[in-house]
$ cat input-v7.pdb   # PDB, C-alpha atoms
ATOM      1  CA  MET A 142      -7.915 -87.132 -52.211
ATOM      2  CA  ASN A 143      -7.553 -83.455 -53.001
ATOM      3  CA  ASN A 144     -10.376 -81.113 -51.943
ATOM      4  CA  THR A 145     -10.599 -79.338 -55.280
ATOM      5  CA  ILE A 146     -14.059 -78.263 -56.416
ATOM      6  CA  TYR A 147     -13.332 -79.058 -60.039
ATOM      7  CA  ILE A 148     -10.763 -80.856 -62.147
ATOM      8  CA  ARG A 149      -8.945 -79.529 -65.203
ATOM      9  CA  LYS A 150      -9.326 -82.178 -67.871
ATOM     10  CA  PRO A 151      -6.896 -81.737 -70.802
ATOM     11  CA  ASN A 152      -8.869 -81.556 -74.039
ATOM     12  CA  HIS A 153      -6.703 -84.189 -75.716
ATOM     13  CA  ILE A 154      -8.136 -86.758 -73.269
ATOM     14  CA  SER A 155     -11.679 -86.104 -74.503
ATOM     15  CA  THR A 156     -10.643 -86.346 -78.162
ATOM     16  CA  ALA A 157      -8.441 -89.440 -77.752
ATOM     17  CA  ARG A 158      -9.959 -92.520 -79.349
ATOM     18  CA  PHE A 159     -10.930 -94.990 -76.631
ATOM     19  CA  THR A 160     -14.171 -96.246 -75.115
ATOM     20  CA  LEU A 161     -14.778 -95.999 -71.375
ATOM     21  CA  SER A 162     -17.210 -97.558 -68.932
ATOM     22  CA  THR A 163     -18.777 -95.509 -66.136
ATOM     23  CA  ILE A 164     -16.248 -96.797 -63.592
ATOM     24  CA  GLU A 165     -13.369 -96.136 -66.008
ATOM     25  CA  TYR A 166     -14.558 -92.533 -66.375
ATOM     26  CA  ASN A 167     -14.546 -92.189 -62.578
ATOM     27  CA  ILE A 168     -11.059 -93.685 -62.257
ATOM     28  CA  ILE A 169      -9.760 -91.150 -64.777
ATOM     29  CA  TYR A 170     -11.458 -88.268 -62.932
ATOM     30  CA  PHE A 171      -9.789 -89.341 -59.685
ATOM     31  CA  ILE A 172      -6.384 -89.782 -61.330
ATOM     32  CA  ILE A 173      -6.566 -86.287 -62.852
ATOM     33  CA  ASP A 174      -7.600 -84.876 -59.483
ATOM     34  CA  GLU A 175      -4.738 -86.592 -57.647
ATOM     35  CA  LEU A 176      -2.225 -85.380 -60.248
ATOM     36  CA  SER A 177      -3.591 -81.821 -60.310
ATOM     37  CA  LYS A 178      -0.530 -80.342 -58.589
ATOM     38  CA  SER A 179       1.628 -81.665 -61.438
ATOM     39  CA  GLN A 180      -0.517 -80.186 -64.216
ATOM     40  CA  SER A 181       1.320 -77.609 -66.277
ATOM     41  CA  LEU A 182       1.352 -75.621 -69.523
ATOM     42  CA  ASP A 183       5.086 -76.359 -69.784
ATOM     43  CA  VAL A 184       5.715 -78.702 -72.711
ATOM     44  CA  ASN A 185       9.123 -79.632 -71.246
ATOM     45  CA  MET A 186       7.817 -80.729 -67.840
ATOM     46  CA  GLU A 187       9.294 -84.077 -66.727
ATOM     47  CA  TYR A 188       6.995 -86.683 -65.173
ATOM     48  CA  SER A 189       7.709 -89.844 -63.208
ATOM     49  CA  GLU A 190       5.636 -92.942 -62.444
ATOM     50  CA  GLN A 191       3.018 -92.324 -59.747
ATOM     51  CA  GLU A 192       1.162 -94.567 -57.305
ATOM     52  CA  ILE A 193      -2.320 -93.231 -56.546
ATOM     53  CA  THR A 194      -4.449 -94.592 -53.688
ATOM     54  CA  ILE A 195      -8.226 -94.133 -53.769
ATOM     55  CA  GLU A 196     -11.060 -95.277 -51.513
ATOM     56  CA  LEU A 197     -13.118 -97.965 -53.215
ATOM     57  CA  LYS A 198     -16.539 -96.499 -52.429
ATOM     58  CA  LYS A 199     -15.600 -93.246 -54.167
ATOM     59  CA  ILE A 200     -15.135 -95.124 -57.429
ATOM     60  CA  GLU A 201     -17.987 -97.618 -57.139
ATOM     61  CA  LYS A 202     -20.675 -96.934 -54.523
ATOM     62  CA  ASN A 203     -21.194-100.645 -53.766
ATOM     63  CA  ASN A 204     -17.487-101.218 -53.009
ATOM     64  CA  ASN A 205     -17.498-103.915 -55.689
ATOM     65  CA  TYR A 206     -13.794-104.682 -55.887
ATOM     66  CA  GLN A 207     -14.234-107.145 -58.742
ATOM     67  CA  ARG A 208     -15.966-104.540 -60.916
ATOM     68  CA  ILE A 209     -13.232-102.019 -60.150
ATOM     69  CA  LYS A 210     -10.531-104.628 -60.821
ATOM     70  CA  ASP A 211     -12.129-105.496 -64.167
ATOM     71  CA  SER A 212     -12.293-101.795 -65.071
ATOM     72  CA  VAL A 213      -8.642-101.294 -64.170
ATOM     73  CA  LYS A 214      -7.676-104.287 -66.306
ATOM     74  CA  SER A 215      -9.676-102.774 -69.155
ATOM     75  CA  LEU A 216      -7.931 -99.410 -68.750
ATOM     76  CA  ALA A 217      -4.531-101.098 -68.578
ATOM     77  CA  SER A 218      -5.225-102.851 -71.875
ATOM     78  CA  LYS A 219      -6.008 -99.597 -73.695
ATOM     79  CA  GLN A 220      -3.293 -97.959 -75.790
ATOM     80  CA  VAL A 221      -4.046 -94.249 -76.107
ATOM     81  CA  GLU A 222      -2.627 -92.148 -78.925
ATOM     82  CA  TYR A 223      -2.456 -88.358 -78.633
ATOM     83  CA  HIS A 224      -0.318 -85.493 -79.907
ATOM     84  CA  ILE A 225       1.318 -82.437 -78.381
ATOM     85  CA  ASN A 226       2.051 -79.225 -80.267
ATOM     86  CA  ILE A 227       5.616 -78.071 -79.595
ATOM     87  CA  PRO A 228       6.126 -74.371 -80.395
ATOM     88  CA  GLY A 229       9.144 -73.392 -82.446
ATOM     89  CA  ILE A 230      12.017 -71.678 -80.610
ATOM     90  CA  ASN A 231      15.438 -70.389 -81.635
ATOM     91  CA  GLY A 232      14.536 -70.469 -85.312
ATOM     92  CA  LYS A 233      13.135 -74.016 -85.193
ATOM     93  CA  SER A 234       9.738 -74.623 -86.779
ATOM     94  CA  HIS A 235       6.609 -75.761 -84.930
ATOM     95  CA  GLN A 236       6.511 -79.530 -84.328
ATOM     96  CA  ILE A 237       3.817 -82.081 -83.525
ATOM     97  CA  GLN A 238       4.871 -84.835 -81.143
ATOM     98  CA  GLU A 239       2.965 -88.126 -81.422
ATOM     99  CA  ASN A 240       2.563 -90.130 -78.195
ATOM    100  CA  ILE A 241       1.207 -93.585 -77.398
ATOM    101  CA  THR A 242       0.790 -94.787 -73.813
ATOM    102  CA  SER A 243      -1.069 -97.188 -71.535
ATOM    103  CA  LEU A 244      -3.110 -95.362 -68.905
ATOM    104  CA  ILE A 245      -2.463 -97.731 -65.987
ATOM    105  CA  SER A 246       0.369-100.220 -65.636
ATOM    106  CA  GLY A 247      -0.832-102.042 -62.525
ATOM    107  CA  ILE A 248      -2.807-102.083 -59.274
ATOM    108  CA  LYS A 249      -2.176-102.913 -55.609
ATOM    109  CA  TYR A 250      -4.938-104.089 -53.307
ATOM    110  CA  ILE A 251      -4.869-105.674 -49.836
ATOM    111  CA  ARG A 252      -7.772-108.088 -49.447
ATOM    112  CA  ASN A 253     -10.708-106.687 -47.470
ATOM    113  CA  SER A 254      -9.159-103.206 -47.562
ATOM    114  CA  GLN A 255     -11.257-100.147 -48.366
ATOM    115  CA  TYR A 256      -8.540 -98.711 -50.620
ATOM    116  CA  ILE A 257      -6.961 -99.540 -53.953
ATOM    117  CA  SER A 258      -3.745 -98.203 -55.535
ATOM    118  CA  PHE A 259      -3.136 -97.554 -59.239
ATOM    119  CA  ILE A 260       0.292 -97.413 -60.855
ATOM    120  CA  VAL A 261       0.320 -94.644 -63.485
ATOM    121  CA  PRO A 262       3.357 -94.736 -65.827
ATOM    122  CA  SER A 263       5.296 -91.541 -66.557
ATOM    123  CA  GLN A 264       4.002 -91.157 -70.122
ATOM    124  CA  ALA A 265       0.418 -91.491 -68.875
ATOM    125  CA  CYS A 266       1.114 -88.812 -66.234
ATOM    126  CA  ARG A 267       2.044 -86.527 -69.116
ATOM    127  CA  PHE A 268      -1.242 -87.453 -70.814
ATOM    128  CA  PHE A 269      -3.204 -86.511 -67.683
ATOM    129  CA  CYS A 270      -1.172 -83.408 -66.763
ATOM    130  CA  TYR A 271      -0.201 -81.455 -69.890
ATOM    131  CA  LEU A 272      -2.559 -78.473 -70.290
ATOM    132  CA  GLY A 273      -0.855 -76.667 -73.180
ATOM    133  CA  GLY A 274      -3.350 -77.971 -75.724
ATOM    134  CA  GLY A 275      -6.282 -76.511 -73.791
ATOM    135  CA  PHE A 276      -8.339 -77.921 -70.936
ATOM    136  CA  THR A 277     -11.882 -77.955 -69.596
ATOM    137  CA  PRO A 278     -12.755 -77.191 -65.953
ATOM    138  CA  ILE A 279     -15.272 -79.830 -64.821
ATOM    139  CA  GLN A 280     -17.052 -80.072 -61.486
ATOM    140  CA  LYS A 281     -15.616 -83.229 -59.971
ATOM    141  CA  THR A 282     -18.551 -84.284 -57.812
ATOM    142  CA  ILE A 283     -21.052 -83.756 -60.610
ATOM    143  CA  ALA A 284     -19.010 -85.658 -63.196
ATOM    144  CA  ILE A 285     -18.506 -88.614 -60.849
ATOM    145  CA  GLY A 286     -22.162 -88.597 -59.779
ATOM    146  CA  LEU A 287     -23.517 -89.017 -63.309
ATOM    147  CA  SER A 288     -24.456 -92.647 -63.919
ATOM    148  CA  SER A 289     -24.537 -92.730 -67.730
ATOM    149  CA  ILE A 290     -21.387 -92.704 -69.867
ATOM    150  CA  TYR A 291     -23.244 -90.505 -72.371
ATOM    151  CA  SER A 292     -24.252 -88.057 -69.631
ATOM    152  CA  LYS A 293     -20.618 -87.833 -68.517
ATOM    153  CA  ALA A 294     -19.323 -87.202 -72.042
ATOM    154  CA  LEU A 295     -22.045 -84.688 -72.895
ATOM    155  CA  TYR A 296     -21.581 -82.910 -69.555
ATOM    156  CA  GLU A 297     -17.897 -82.482 -70.446
ATOM    157  CA  LEU A 298     -18.945 -81.086 -73.823
ATOM    158  CA  CYS A 299     -21.287 -78.614 -72.077
ATOM    159  CA  CYS A 300     -18.466 -77.492 -69.775
ATOM    160  CA  ARG A 301     -16.108 -77.037 -72.708
ATOM    161  CA  TRP A 302     -18.486 -74.981 -74.857
ATOM    162  CA  GLU A 303     -20.419 -73.125 -72.154
ATOM    163  CA  ASP A 304     -18.677 -69.828 -72.993
ATOM    164  CA  LYS A 305     -19.850 -70.118 -76.605
ATOM    165  CA  GLY A 306     -23.400 -70.921 -75.593
ATOM    166  CA  GLY A 307     -23.525 -74.031 -77.716
ATOM    167  CA  TYR A 308     -21.932 -76.321 -80.245
ATOM    168  CA  ASN A 309     -22.726 -77.377 -83.821
ATOM    169  CA  CYS A 310     -21.387 -80.419 -85.637
ATOM    170  CA  SER A 311     -22.424 -83.322 -87.805
ATOM    171  CA  ILE A 312     -24.289 -86.148 -86.091
ATOM    172  CA  GLU A 313     -21.528 -88.488 -87.228
ATOM    173  CA  ASP A 314     -18.853 -86.328 -85.565
ATOM    174  CA  LEU A 315     -20.821 -86.343 -82.316
ATOM    175  CA  LYS A 316     -21.069 -90.130 -82.509
ATOM    176  CA  VAL A 317     -17.296 -90.302 -83.001
ATOM    177  CA  TYR A 318     -16.819 -88.095 -79.931
ATOM    178  CA  LEU A 319     -19.076 -90.448 -77.967
ATOM    179  CA  SER A 320     -17.348 -93.554 -79.459
ATOM    180  CA  ILE A 321     -20.650 -94.915 -80.810
ATOM    181  CA  GLU A 322     -20.056 -94.676 -84.568
ATOM    182  CA  ASN A 323     -21.595 -98.097 -85.155
ATOM    183  CA  LYS A 324     -24.458 -97.872 -82.665
ATOM    184  CA  TYR A 325     -27.948 -96.367 -82.747
ATOM    185  CA  LYS A 326     -28.399 -96.415 -86.489
ATOM    186  CA  GLN A 327     -32.023 -95.378 -86.019
ATOM    187  CA  ILE A 328     -32.161 -91.639 -85.293
ATOM    188  CA  ALA A 329     -35.046 -92.212 -82.871
ATOM    189  CA  HIS A 330     -32.893 -94.560 -80.785
ATOM    190  CA  PHE A 331     -30.000 -92.080 -80.799
ATOM    191  CA  ARG A 332     -32.294 -89.278 -79.647
ATOM    192  CA  GLN A 333     -33.933 -91.289 -76.879
ATOM    193  CA  ARG A 334     -31.083 -93.387 -75.461
ATOM    194  CA  VAL A 335     -28.224 -90.907 -75.871
ATOM    195  CA  LEU A 336     -29.522 -87.340 -76.082
ATOM    196  CA  ASP A 337     -32.848 -87.305 -74.241
ATOM    197  CA  ASP A 338     -31.741 -89.630 -71.426
ATOM    198  CA  SER A 339     -28.624 -87.500 -70.902
ATOM    199  CA  ILE A 340     -30.651 -84.289 -70.773
ATOM    200  CA  SER A 341     -32.905 -85.809 -68.106
ATOM    201  CA  GLU A 342     -29.951 -86.830 -65.936
ATOM    202  CA  LEU A 343     -28.134 -83.505 -66.378
ATOM    203  CA  LYS A 344     -31.262 -81.566 -65.416
ATOM    204  CA  GLU A 345     -31.509 -83.648 -62.260
ATOM    205  CA  LYS A 346     -27.828 -83.723 -61.191
ATOM    206  CA  ALA A 347     -25.708 -81.100 -62.997
ATOM    207  CA  ASP A 348     -25.143 -77.353 -63.105
ATOM    208  CA  LEU A 349     -25.425 -77.389 -66.917
ATOM    209  CA  PHE A 350     -27.697 -79.130 -69.395
ATOM    210  CA  PHE A 351     -28.403 -78.810 -73.103
ATOM    211  CA  THR A 352     -31.182 -78.749 -75.636
ATOM    212  CA  TYR A 353     -30.742 -79.647 -79.280
ATOM    213  CA  SER A 354     -32.214 -79.546 -82.730
ATOM    214  CA  LEU A 355     -31.484 -81.938 -85.584
ATOM    215  CA  ILE A 356     -30.980 -80.497 -89.057
ATOM    216  CA  LYS A 357     -31.941 -82.325 -92.230
ATOM    217  CA  SER A 358     -30.023 -82.409 -95.492
ATOM    218  CA  ASN A 359     -31.418 -84.308 -98.485
ATOM    219  CA  LYS A 360     -34.294 -85.577 -96.317
ATOM    220  CA  LYS A 361     -31.861 -87.106 -93.802
ATOM    221  CA  TYR A 362     -30.785 -85.801 -90.415
ATOM    222  CA  GLU A 363     -27.142 -84.824 -90.889
ATOM    223  CA  ARG A 364     -26.267 -82.197 -88.269
ATOM    224  CA  ILE A 365     -27.021 -81.316 -84.676
ATOM    225  CA  SER A 366     -27.169 -77.886 -83.026
ATOM    226  CA  ILE A 367     -26.635 -77.979 -79.259
ATOM    227  CA  LYS A 368     -27.563 -75.086 -76.976
ATOM    228  CA  ILE A 369     -26.101 -75.045 -73.450
ATOM    229  CA  HIS A 370     -28.053 -73.771 -70.444
ATOM    230  CA  GLY A 371     -27.290 -73.054 -66.798
ATOM    231  CA  ASN A 372     -29.360 -75.336 -64.605
ATOM    232  CA  TYR A 373     -30.902 -72.848 -62.205
ATOM    233  CA  ARG A 374     -33.082 -75.515 -60.661
ATOM    234  CA  ASN A 375     -29.937 -77.229 -59.435
ATOM    235  CA  LYS A 376     -28.352 -74.741 -57.023
ATOM    236  CA  SER A 377     -25.856 -77.107 -55.393
ATOM    237  CA  GLY A 378     -22.165 -77.076 -56.152
ATOM    238  CA  PHE A 379     -19.847 -74.661 -57.905
ATOM    239  CA  SER A 380     -21.000 -72.563 -60.850
ATOM    240  CA  GLY A 381     -17.830 -73.216 -62.831
ATOM    241  CA  VAL A 382     -15.063 -71.015 -64.217
ATOM    242  CA  LYS A 383     -14.416 -69.606 -67.640
ATOM    243  CA  GLU A 384     -11.578 -71.393 -69.346
ATOM    244  CA  ARG A 385     -10.147 -68.215 -70.910
ATOM    245  CA  HIS A 386     -10.071 -66.532 -67.483
ATOM    246  CA  TYR A 387      -8.310 -69.490 -65.919
ATOM    247  CA  ILE A 388      -5.698 -69.746 -68.689
ATOM    248  CA  TYR A 389      -5.002 -65.997 -68.672
ATOM    249  CA  VAL A 390      -4.678 -65.746 -64.879
ATOM    250  CA  TYR A 391      -2.457 -68.820 -64.665
ATOM    251  CA  SER A 392      -0.271 -67.606 -67.558
ATOM    252  CA  PHE A 393       0.036 -64.118 -66.027
ATOM    253  CA  LEU A 394       1.038 -65.475 -62.613
ATOM    254  CA  ASN A 395       3.447 -67.882 -64.271
ATOM    255  CA  ILE A 396       5.457 -64.862 -65.516
ATOM    256  CA  TYR A 397       6.131 -63.776 -61.935
ATOM    257  CA  PHE A 398       6.116 -67.219 -60.305
ATOM    258  CA  PRO A 399       7.608 -69.523 -63.012
ATOM    259  CA  ASN A 400       6.389 -73.127 -62.938
ATOM    260  CA  TYR A 401       9.900 -74.459 -63.522
ATOM    261  CA  LYS A 402      10.732 -73.266 -60.003
ATOM    262  CA  ASP A 403       7.631 -74.269 -58.037
ATOM    263  CA  THR A 404       3.815 -74.511 -58.153
ATOM    264  CA  LYS A 405       3.000 -71.014 -56.879
ATOM    265  CA  ALA A 406       1.233 -69.882 -60.071
ATOM    266  CA  LEU A 407      -1.016 -72.948 -60.039
ATOM    267  CA  ASP A 408      -1.599 -72.755 -56.281
ATOM    268  CA  TYR A 409      -2.593 -69.083 -56.424
ATOM    269  CA  THR A 410      -4.892 -69.675 -59.402
ATOM    270  CA  GLU A 411      -6.677 -72.497 -57.602
ATOM    271  CA  ILE A 412      -7.145 -70.351 -54.499
ATOM    272  CA  LEU A 413      -8.653 -67.586 -56.662
ATOM    273  CA  VAL A 414     -11.138 -70.131 -57.989
ATOM    274  CA  GLN A 415     -11.934 -71.399 -54.496
ATOM    275  CA  GLN A 416     -12.549 -67.817 -53.309
ATOM    276  CA  ASN A 417     -14.675 -67.070 -56.390
ATOM    277  CA  ASN A 418     -12.245 -64.279 -57.349
ATOM    278  CA  LEU A 419     -10.972 -65.602 -60.671
ATOM    279  CA  GLU A 420     -12.927 -63.161 -62.834
ATOM    280  CA  LYS A 421     -11.898 -60.211 -60.623
ATOM    281  CA  ALA A 422      -8.249 -61.303 -60.942
ATOM    282  CA  PHE A 423      -8.624 -61.638 -64.722
ATOM    283  CA  TYR A 424      -9.598 -57.975 -65.185
ATOM    284  CA  ARG A 425      -7.102 -56.737 -62.564
ATOM    285  CA  PHE A 426      -4.226 -58.601 -64.220
ATOM    286  CA  GLN A 427      -5.249 -57.264 -67.632
ATOM    287  CA  ARG A 428      -4.821 -53.733 -66.301
ATOM    288  CA  LEU A 429      -1.417 -54.605 -64.872
ATOM    289  CA  ASP A 430      -0.405 -56.085 -68.221
ATOM    290  CA  ASP A 431      -1.465 -52.853 -69.987
ATOM    291  CA  GLU A 432       0.551 -50.786 -67.498
ATOM    292  CA  LEU A 433       3.610 -52.976 -68.115
ATOM    293  CA  THR A 434       3.228 -52.680 -71.895
ATOM    294  CA  SER A 435       2.816 -48.890 -71.727
ATOM    295  CA  GLY A 436       5.863 -48.521 -69.469
ATOM    296  CA  LEU A 437       3.900 -47.202 -66.482
ATOM    297  CA  LYS A 438       5.130 -50.097 -64.352
ATOM    298  CA  THR A 439       8.086 -52.483 -64.407
ATOM    299  CA  LYS A 440       7.952 -56.237 -63.737
ATOM    300  CA  LYS A 441       9.556 -55.524 -60.357
ATOM    301  CA  ASP A 442       6.768 -53.040 -59.549
ATOM    302  CA  ILE A 443       4.096 -55.557 -60.508
ATOM    303  CA  PHE A 444       5.695 -58.378 -58.517
ATOM    304  CA  SER A 445       5.763 -56.157 -55.405
ATOM    305  CA  LEU A 446       2.124 -55.144 -55.950
ATOM    306  CA  LEU A 447       1.070 -58.767 -56.368
ATOM    307  CA  ILE A 448       2.708 -59.936 -53.154
ATOM    308  CA  ASN A 449       1.921 -56.974 -50.935
ATOM    309  CA  VAL A 450      -1.405 -55.629 -52.219
ATOM    310  CA  ILE A 451      -3.280 -57.399 -54.995
ATOM    311  CA  LEU A 452      -3.100 -61.071 -54.006
ATOM    312  CA  PRO A 453      -4.049 -60.316 -50.357
ATOM    313  CA  GLU A 454      -6.983 -58.221 -51.648
ATOM    314  CA  LEU A 455      -8.033 -61.229 -53.723
ATOM    315  CA  GLU A 456      -8.228 -63.255 -50.498
ATOM    316  CA  ILE A 457      -5.114 -65.364 -50.913
ATOM    317  CA  PRO A 458      -4.191 -66.001 -47.255
ATOM    318  CA  LYS A 459      -1.178 -64.119 -45.917
ATOM    319  CA  SER A 460       0.155 -67.354 -44.471
ATOM    320  CA  HIS A 461       0.299 -68.772 -47.981
ATOM    321  CA  LEU A 462       2.029 -65.669 -49.378
ATOM    322  CA  THR A 463       4.497 -65.591 -46.474
ATOM    323  CA  LYS A 464       5.253 -69.256 -47.044
ATOM    324  CA  TYR A 465       6.163 -68.590 -50.649
ATOM    325  CA  LYS A 466       8.028 -65.303 -50.301
TER
END
$ encode --input "input-v7.pdb" --output "structure tokens"
Amino acid sequence: MNNTIYIRKPNHISTARFTLSTIEYNIIYFIIDELSKSQSLDVNMEYSEQEITIELKKIEKNNNYQRIKDSVKSLASKQVEYHINIPGINGKSHQIQENITSLISGIKYIRNSQYISFIVPSQACRFFCYLGGGFTPIQKTIAIGLSSIYSKALYELCCRWEDKGGYNCSIEDLKVYLSIENKYKQIAHFRQRVLDDSISELKEKADLFFTYSLIKSNKKYERISIKIHGNYRNKSGFSGVKERHYIYVYSFLNIYFPNYKDTKALDYTEILVQQNNLEKAFYRFQRLDDELTSGLKTKKDIFSLLINVILPELEIPKSHLTKYK
């Protein structure tokens, strides 16, 4: 298991149409975490089938193999449809690629073992790893620790829209997002069992929570306005990163350390997050970009500055930089 503080969940996973149990959510979190080194903004990245081994108790605290096995079977039976936007190059127009895949193709388990292995097909690896359509940084331990499927989904929504301070949509659209279009017809039941229960759990366990107001139209509740708050009563864990900072820093580093050669850009970005220096890097790289655009510096100048001055100042270990020189 990787020691990352958070996972980068591609947004197309959250908007794909499939229903998950609590254990299935956790399996997906662990798969994304294990495949994190293969995540990329490169639409042409090639993926191969992966075998991922996870400790049982990290998925289901009671080590209930049968429950995990049933959840894996359920995941394996799900066909997920998603699309990827392919930018136009060399005069070709923008294209939308439709994809359908199973998430898991099989499992391996030795009886009485504490570990289980999942077989993730290549197309599913693409589903879990492609970040070009946007992604949401989510605290791994918090997401896994939430016991309600609604709390998990609404926590992801809070993480995604934290920068905006909130989110507004129709109640029906929110139900679609939560895959409960045909449940909780009574608004009181929806408020209590989905919204209010989730708020209570997020306040207790998460770094973010939300409040909401329901808006009437023609004497019927039609829309919901969600406001996102930092949970200052819950001081444990990582405070999160801003998605736009992460994308900019990764994209900037990818110019000088291309991802078709190696994973340096991703490695450096993750270290900046670990050292709590992502925002500092964001503003420093913006200045470098301005100096490149104005002609004050060349790409060669910037590359030398990054290796010899800026990245060491941002607490990327010299051993790591020496390794990748």
$ residues_around --input "input-v7.pdb" --residues "Lys150 of chain A" --least-positions-apart "4" --cutoff "8 Å" --atoms "all atoms listed in the file" --output "number ranges by chain"
A: 154, 173, 269, 276-279
$ atom_distance --input "input-v7.pdb" --atom1 "atom CA of Lys210 of chain A" --atom2 "atom CA of Thr163 of chain A"
13.4 Å
$ resolve_selection --input "input-v7.pdb" --expression "the PyMOL selection byres ((chain A and resi 280) around 7)" --output "list of chain:residue names"
A:Ile146, A:Tyr147, A:Ile148, A:Pro278, A:Ile279, A:Lys281, A:Thr282, A:Ile283, A:Ala284
$ atom_distance --input "input-v7.pdb" --atom1 "atom CA of Ile257 of chain A" --atom2 "atom CA of His153 of chain A"
26.6 Å
$ atom_distance --input "input-v7.pdb" --atom1 "atom CA of Leu298 of chain A" --atom2 "atom CA of His235 of chain A"
28.4 Å
$ resolve_selection --input "input-v7.pdb" --expression "the PyMOL selection byres ((chain A and resi 456) around 12)" --output "PyMOL selection string"
chain A and resi 409-419+421-422+447-455+457-462
$ resolve_selection --input "input-v7.pdb" --expression "the PyMOL selection byres ((chain A and resi 301-306) around 10)" --output "PyMOL selection string"
chain A and resi 150+152+275-279+295-300+307-308+349-351+367-371+381-385
$ residues_around --input "input-v7.pdb" --residues "Lys316 of chain A" --least-positions-apart "4" --cutoff "12 Å" --atoms "all atoms listed in the file" --output "list in words"
Thr156, Arg158, Thr160, Tyr291, Ala294, Leu295, Cys310, Ser311, Ile312, Ser320, Ile321, Glu322, Asn323, Lys324, Tyr325, Lys326, Ile328, Phe331, Arg332, Val335, Leu336, Glu363, Arg364 and Ile365 of chain A
$ write_last_selection --input "input-v7.pdb" --atoms "C-alpha atoms" --output "tab-separated table (two decimals), keeping the file's coordinate frame"
chain	number	residue	atom	x	y	z
A	156	THR	CA	-10.64	-86.35	-78.16
A	158	ARG	CA	-9.96	-92.52	-79.35
A	160	THR	CA	-14.17	-96.25	-75.11
A	291	TYR	CA	-23.24	-90.50	-72.37
A	294	ALA	CA	-19.32	-87.20	-72.04
A	295	LEU	CA	-22.04	-84.69	-72.90
A	310	CYS	CA	-21.39	-80.42	-85.64
A	311	SER	CA	-22.42	-83.32	-87.80
A	312	ILE	CA	-24.29	-86.15	-86.09
A	320	SER	CA	-17.35	-93.55	-79.46
A	321	ILE	CA	-20.65	-94.92	-80.81
A	322	GLU	CA	-20.06	-94.68	-84.57
A	323	ASN	CA	-21.60	-98.10	-85.16
A	324	LYS	CA	-24.46	-97.87	-82.66
A	325	TYR	CA	-27.95	-96.37	-82.75
A	326	LYS	CA	-28.40	-96.42	-86.49
A	328	ILE	CA	-32.16	-91.64	-85.29
A	331	PHE	CA	-30.00	-92.08	-80.80
A	332	ARG	CA	-32.29	-89.28	-79.65
A	335	VAL	CA	-28.22	-90.91	-75.87
A	336	LEU	CA	-29.52	-87.34	-76.08
A	363	GLU	CA	-27.14	-84.82	-90.89
A	364	ARG	CA	-26.27	-82.20	-88.27
A	365	ILE	CA	-27.02	-81.32	-84.68
$ residues_near_point --input "input-v7.pdb" --point "(-32.2, -89.7, -73.4)" --cutoff "12 Å" --atoms "all atoms listed in the file" --output "mmCIF file with C-alpha atoms, keeping the file's coordinate frame"
data_model
loop_
_atom_site.group_PDB
_atom_site.id
_atom_site.type_symbol
_atom_site.label_atom_id
_atom_site.label_comp_id
_atom_site.auth_asym_id
_atom_site.auth_seq_id
_atom_site.Cartn_x
_atom_site.Cartn_y
_atom_site.Cartn_z
ATOM 1 C CA SER A 289 -24.537 -92.730 -67.730
ATOM 2 C CA ILE A 290 -21.387 -92.704 -69.867
ATOM 3 C CA TYR A 291 -23.244 -90.505 -72.371
ATOM 4 C CA SER A 292 -24.252 -88.057 -69.631
ATOM 5 C CA LEU A 295 -22.045 -84.688 -72.895
ATOM 6 C CA ALA A 329 -35.046 -92.212 -82.871
ATOM 7 C CA HIS A 330 -32.893 -94.560 -80.785
ATOM 8 C CA PHE A 331 -30.000 -92.080 -80.799
ATOM 9 C CA ARG A 332 -32.294 -89.278 -79.647
ATOM 10 C CA GLN A 333 -33.933 -91.289 -76.879
ATOM 11 C CA ARG A 334 -31.083 -93.387 -75.461
ATOM 12 C CA VAL A 335 -28.224 -90.907 -75.871
ATOM 13 C CA LEU A 336 -29.522 -87.340 -76.082
ATOM 14 C CA ASP A 337 -32.848 -87.305 -74.241
ATOM 15 C CA ASP A 338 -31.741 -89.630 -71.426
ATOM 16 C CA SER A 339 -28.624 -87.500 -70.902
ATOM 17 C CA ILE A 340 -30.651 -84.289 -70.773
ATOM 18 C CA SER A 341 -32.905 -85.809 -68.106
ATOM 19 C CA GLU A 342 -29.951 -86.830 -65.936
ATOM 20 C CA LEU A 343 -28.134 -83.505 -66.378
ATOM 21 C CA LYS A 344 -31.262 -81.566 -65.416
ATOM 22 C CA PHE A 351 -28.403 -78.810 -73.103
ATOM 23 C CA THR A 352 -31.182 -78.749 -75.636
ATOM 24 C CA TYR A 353 -30.742 -79.647 -79.280
#
$ residues_around --input "input-v7.pdb" --residues "Tyr424 of chain A" --least-positions-apart "6" --cutoff "10 Å" --atoms "all atoms listed in the file" --output "PyMOL selection string"
chain A and resi 386+389-390+430
$ axis_aligned_box --input "input-v7.pdb" --around "segment 144-161 of chain A" --padding-each-side "4 Å" --output "JSON"
{"center_x": -10.7, "center_y": -87.3, "center_z": -65.6, "size_x": 16.1, "size_y": 26.0, "size_z": 35.4}
$ closest_residue --input "input-v7.pdb" --among "A:Ser354, A:Tyr391, A:Glu420, A:Glu201" --to "Ala406 of chain A" --atoms "only C-alpha atoms"
A:Tyr391
$ closest_residue --input "input-v7.pdb" --among "A:Ile241, A:Tyr397, A:Leu315, A:Ile209" --to "Thr439 of chain A" --atoms "all atoms listed in the file"
A:Tyr397
$ closest_residue --input "input-v7.pdb" --among "A:Gln207, A:Gln191, A:Asp431, A:Val221" --to "Arg252 of chain A" --atoms "all atoms listed in the file"
A:Gln207
$ closest_residue --input "input-v7.pdb" --among "A:Tyr318, A:Tyr362, A:Tyr271, A:Phe171" --to "Ile227 of chain A" --atoms "all atoms listed in the file"
A:Tyr271
